[in-house]
Amino acid sequence: MSKGCTLFRDSTNNLNFHDITKALWKDFIYGGHIFAFGAICVAIMASIIFAIPITWDFMLIIYLIFYTIYVYDYFTGAEEDKNNYSSRSEYLQNNDEKMLLATIYGSIVAIAFTYLIYSDIKNMFIGFGILVLGLMYHSHFKSITKKLPAFKNLFVSLVWGLLIFTMFVYYGYQIDISAMVISAFVFLRMVGIQIMFDIRDIEGDRIKGLLPIPAIFGHDKSISLLKMLNIVTLILLAVGVYMKILPIFVLMIMLVMAYSVMYK
């Protein structure tokens, strides 16, 4: 084979690899995978705190549940997100709708089979309950945000807070005060994250008539509220450790969170 042909073949292979890598990276960023990995991180955190041996089947279930929720929400809201999340909106609108729906349905089937093989019907009902709540937000619950202040922030955070209870039930552990404290911690952290995201879209939410926290209070007051929320979250963990509800190494989370009170 000539040197020219070899160079052409190598450049073609590199181009294909580059295109594939770029496509995978875009899907990871815009396709709901970040929050799905975040859910696994929450589960791993809980498994360390409570010494629960976490298994791959539970991580797969949690990943697919949160992936399905977020990719569906992103896809159904792609048109509305053009102004604030233009790259994500463009990526999702350029995707094949049938392929995306097939991925969602395939994920749901995989969740069901994993439950049937590795767990039981009770846990499957709980998991699908969370999944249905998440999927129904855009079509059924989003309109409530126009009537009830902060509904979006609280609803989304509640779904995340339930993750701790789901893990306890899945592995047959009794839900106690320590589980409630960590669930409250996850809930409060997600409220803070929701506020940060909504600060970017204050005017857009006001135009749509939505009432998340930043649209109600404005930028400056929302930042102040966010700081207070983070302080309350830190106090929650400190009290949990002081009362010996949580192990002392949970204080490491407080060190990681310390930066969050410096939002501007």
# chains A, B, ... in the order shown; residues from 1 in each chain; ligands from 1

call {"tool": "residues_around", "arguments": {"residues": "segment 244-256 of chain A", "least_positions_apart": "4", "cutoff": "8 Å", "atoms": "only C-alpha atoms", "output": "JSON, numbers by chain"}}
result
{"A": [49, 177, 178, 234, 237, 238, 240]}

call {"tool": "residues_around", "arguments": {"residues": "Val186 of chain A", "least_positions_apart": "4", "cutoff": "7 Å", "atoms": "only C-alpha atoms", "output": "JSON, numbers by chain"}}
result
{"A": [160, 161, 182, 190]}

call {"tool": "write_last_selection", "arguments": {"atoms": "N, CA and C atoms", "output": "PDB file, in the first residue's frame"}}
result
ATOM      1  N   TRP A 160     -35.602  13.814  44.173  1.00  0.00           N
ATOM      2  CA  TRP A 160     -34.228  13.448  44.545  1.00  0.00           C
ATOM      3  C   TRP A 160     -34.143  12.987  45.991  1.00  0.00           C
ATOM      4  N   GLY A 161     -34.866  13.653  46.879  1.00  0.00           N
ATOM      5  CA  GLY A 161     -34.844  13.258  48.285  1.00  0.00           C
ATOM      6  C   GLY A 161     -35.366  11.849  48.501  1.00  0.00           C
ATOM      7  N   ILE A 182     -30.350  12.526  55.979  1.00  0.00           N
ATOM      8  CA  ILE A 182     -29.633  12.551  54.701  1.00  0.00           C
ATOM      9  C   ILE A 182     -30.593  12.846  53.555  1.00  0.00           C
ATOM     10  N   MET A 190     -30.645  19.977  46.453  1.00  0.00           N
ATOM     11  CA  MET A 190     -31.285  20.066  45.147  1.00  0.00           C
ATOM     12  C   MET A 190     -32.115  21.335  45.021  1.00  0.00           C
TER      13      MET A 190
END

call {"tool": "closest_atom_pairs", "arguments": {"of": "segment 93-181 of chain A", "to": "segment 36-47 of chain A", "cutoff": "12 Å", "atoms": "only C-alpha atoms", "output": "CSV"}}
result
residue,atom,partner,partner_atom,distance
A:Ser157,CA,A:Ala39,CA,12.0
A:Val159,CA,A:Ala39,CA,10.7
A:Trp160,CA,A:Ala39,CA,7.8
A:Gly161,CA,A:Val42,CA,9.7
A:Leu162,CA,A:Ala39,CA,11.0
A:Leu163,CA,A:Ala43,CA,7.5
A:Ile164,CA,A:Ala46,CA,7.0
A:Phe165,CA,A:Ala46,CA,10.2
A:Thr166,CA,A:Ala43,CA,9.7
A:Met167,CA,A:Ala43,CA,7.3
A:Phe168,CA,A:Ala46,CA,9.4
A:Tyr170,CA,A:Ala43,CA,11.7
A:Tyr171,CA,A:Ser47,CA,10.6
A:Tyr173,CA,A:Ser47,CA,11.5
A:Ser178,CA,A:Ala46,CA,10.4
A:Ala179,CA,A:Ala46,CA,8.6
A:Met180,CA,A:Ala46,CA,11.5
A:Val181,CA,A:Ala46,CA,11.2

call {"tool": "write_last_selection", "arguments": {"atoms": "N, CA and C atoms", "output": "compact mmCIF listing (two decimals), in the first residue's frame"}}
result
# COMPACT_ATOMS: atom_id res chain seq x y z
N SER A 157 -36.83 18.62 43.76
CA SER A 157 -35.98 18.27 44.90
C SER A 157 -36.55 17.10 45.70
N VAL A 159 -38.26 14.59 44.47
CA VAL A 159 -37.95 13.36 43.73
C VAL A 159 -36.54 12.88 44.07
N TRP A 160 -35.60 13.81 44.17
CA TRP A 160 -34.23 13.45 44.55
C TRP A 160 -34.14 12.99 45.99
N GLY A 161 -34.87 13.65 46.88
CA GLY A 161 -34.84 13.26 48.28
C GLY A 161 -35.37 11.85 48.50
N LEU A 162 -36.32 11.43 47.66
CA LEU A 162 -36.88 10.08 47.78
C LEU A 162 -35.87 9.00 47.43
N LEU A 163 -34.80 9.38 46.76
CA LEU A 163 -33.77 8.41 46.36
C LEU A 163 -33.19 7.67 47.57
N ILE A 164 -33.00 8.37 48.68
CA ILE A 164 -32.44 7.74 49.88
C ILE A 164 -33.39 6.68 50.42
N PHE A 165 -34.67 7.02 50.51
CA PHE A 165 -35.67 6.06 51.00
C PHE A 165 -35.77 4.86 50.06
N THR A 166 -35.68 5.13 48.76
CA THR A 166 -35.74 4.05 47.77
C THR A 166 -34.61 3.06 47.98
N MET A 167 -33.43 3.57 48.28
CA MET A 167 -32.27 2.71 48.52
C MET A 167 -32.47 1.86 49.77
N PHE A 168 -32.97 2.45 50.84
CA PHE A 168 -33.20 1.71 52.08
C PHE A 168 -34.20 0.58 51.85
N TYR A 170 -35.01 -0.84 49.00
CA TYR A 170 -34.48 -1.81 48.03
C TYR A 170 -33.63 -2.87 48.72
N TYR A 171 -32.82 -2.45 49.69
CA TYR A 171 -31.92 -3.38 50.37
C TYR A 171 -32.48 -3.88 51.70
N TYR A 173 -33.48 -2.24 54.43
CA TYR A 173 -33.09 -1.54 55.65
C TYR A 173 -34.27 -0.72 56.17
N SER A 178 -31.65 8.74 60.74
CA SER A 178 -30.45 9.07 59.96
C SER A 178 -30.78 9.13 58.47
N ALA A 179 -31.63 8.21 58.00
CA ALA A 179 -32.05 8.24 56.60
C ALA A 179 -32.83 9.51 56.29
N MET A 180 -33.66 9.92 57.25
CA MET A 180 -34.45 11.15 57.06
C MET A 180 -33.56 12.38 57.00
N VAL A 181 -32.51 12.39 57.82
CA VAL A 181 -31.59 13.54 57.82
C VAL A 181 -30.86 13.64 56.48

call {"tool": "closest_atom_pairs", "arguments": {"of": "segment 47-73 of chain A", "to": "segment 111-123 of chain A", "cutoff": "9 Å", "atoms": "only C-alpha atoms", "output": "tab-separated table"}}
result
residue	atom	partner	partner_atom	distance
A:Asp57	CA	A:Thr114	CA	6.7
A:Phe58	CA	A:Thr114	CA	8.5
A:Leu60	CA	A:Ile111	CA	7.9
A:Ile61	CA	A:Ile111	CA	5.5
A:Ile62	CA	A:Ile111	CA	8.7
A:Leu64	CA	A:Ile111	CA	6.8
A:Ile65	CA	A:Ile111	CA	7.4

call {"tool": "write_last_selection", "arguments": {"atoms": "C-alpha atoms", "output": "JSON list (two decimals), in the first residue's frame"}}
result
[["chain", "number", "residue", "atom", "x", "y", "z"],
["A", 57, "ASP", "CA", -28.37, -3.62, 39.63],
["A", 58, "PHE", "CA", -29.53, -0.79, 41.91],
["A", 60, "LEU", "CA", -28.35, 0.62, 36.84],
["A", 61, "ILE", "CA", -31.97, 1.13, 37.91],
["A", 62, "ILE", "CA", -31.27, 4.54, 39.43],
["A", 64, "LEU", "CA", -31.91, 4.64, 33.95],
["A", 65, "ILE", "CA", -34.73, 6.18, 36.01]]

call {"tool": "atom_distance", "arguments": {"atom1": "atom CA of Ile202 of chain A", "atom2": "atom CA of Pro214 of chain A"}}
result
6.0 Å

call {"tool": "closest_residue", "arguments": {"among": "A:Leu236, A:Val191, A:Val169, A:Thr103", "to": "Phe125 of chain A", "atoms": "only C-alpha atoms"}}
result
A:Val169

call {"tool": "closest_residue", "arguments": {"among": "A:Ala102, A:Val109, A:Val156, A:Val241", "to": "Leu133 of chain A", "atoms": "only C-alpha atoms"}}
result
A:Val156

call {"tool": "atom_distance", "arguments": {"atom1": "atom CA of Pro149 of chain A", "atom2": "atom CA of Ile213 of chain A"}}
result
7.0 Å

call {"tool": "select_by_dssp", "arguments": {"residues": "segment 95-257 of chain A", "states": "helix (DSSP H, G or I)", "output": "count of residues only"}}
result
138

call {"tool": "atom_distance", "arguments": {"atom1": "atom CA of Phe128 of chain A", "atom2": "atom CA of Pro53 of chain A"}}
result
22.6 Å
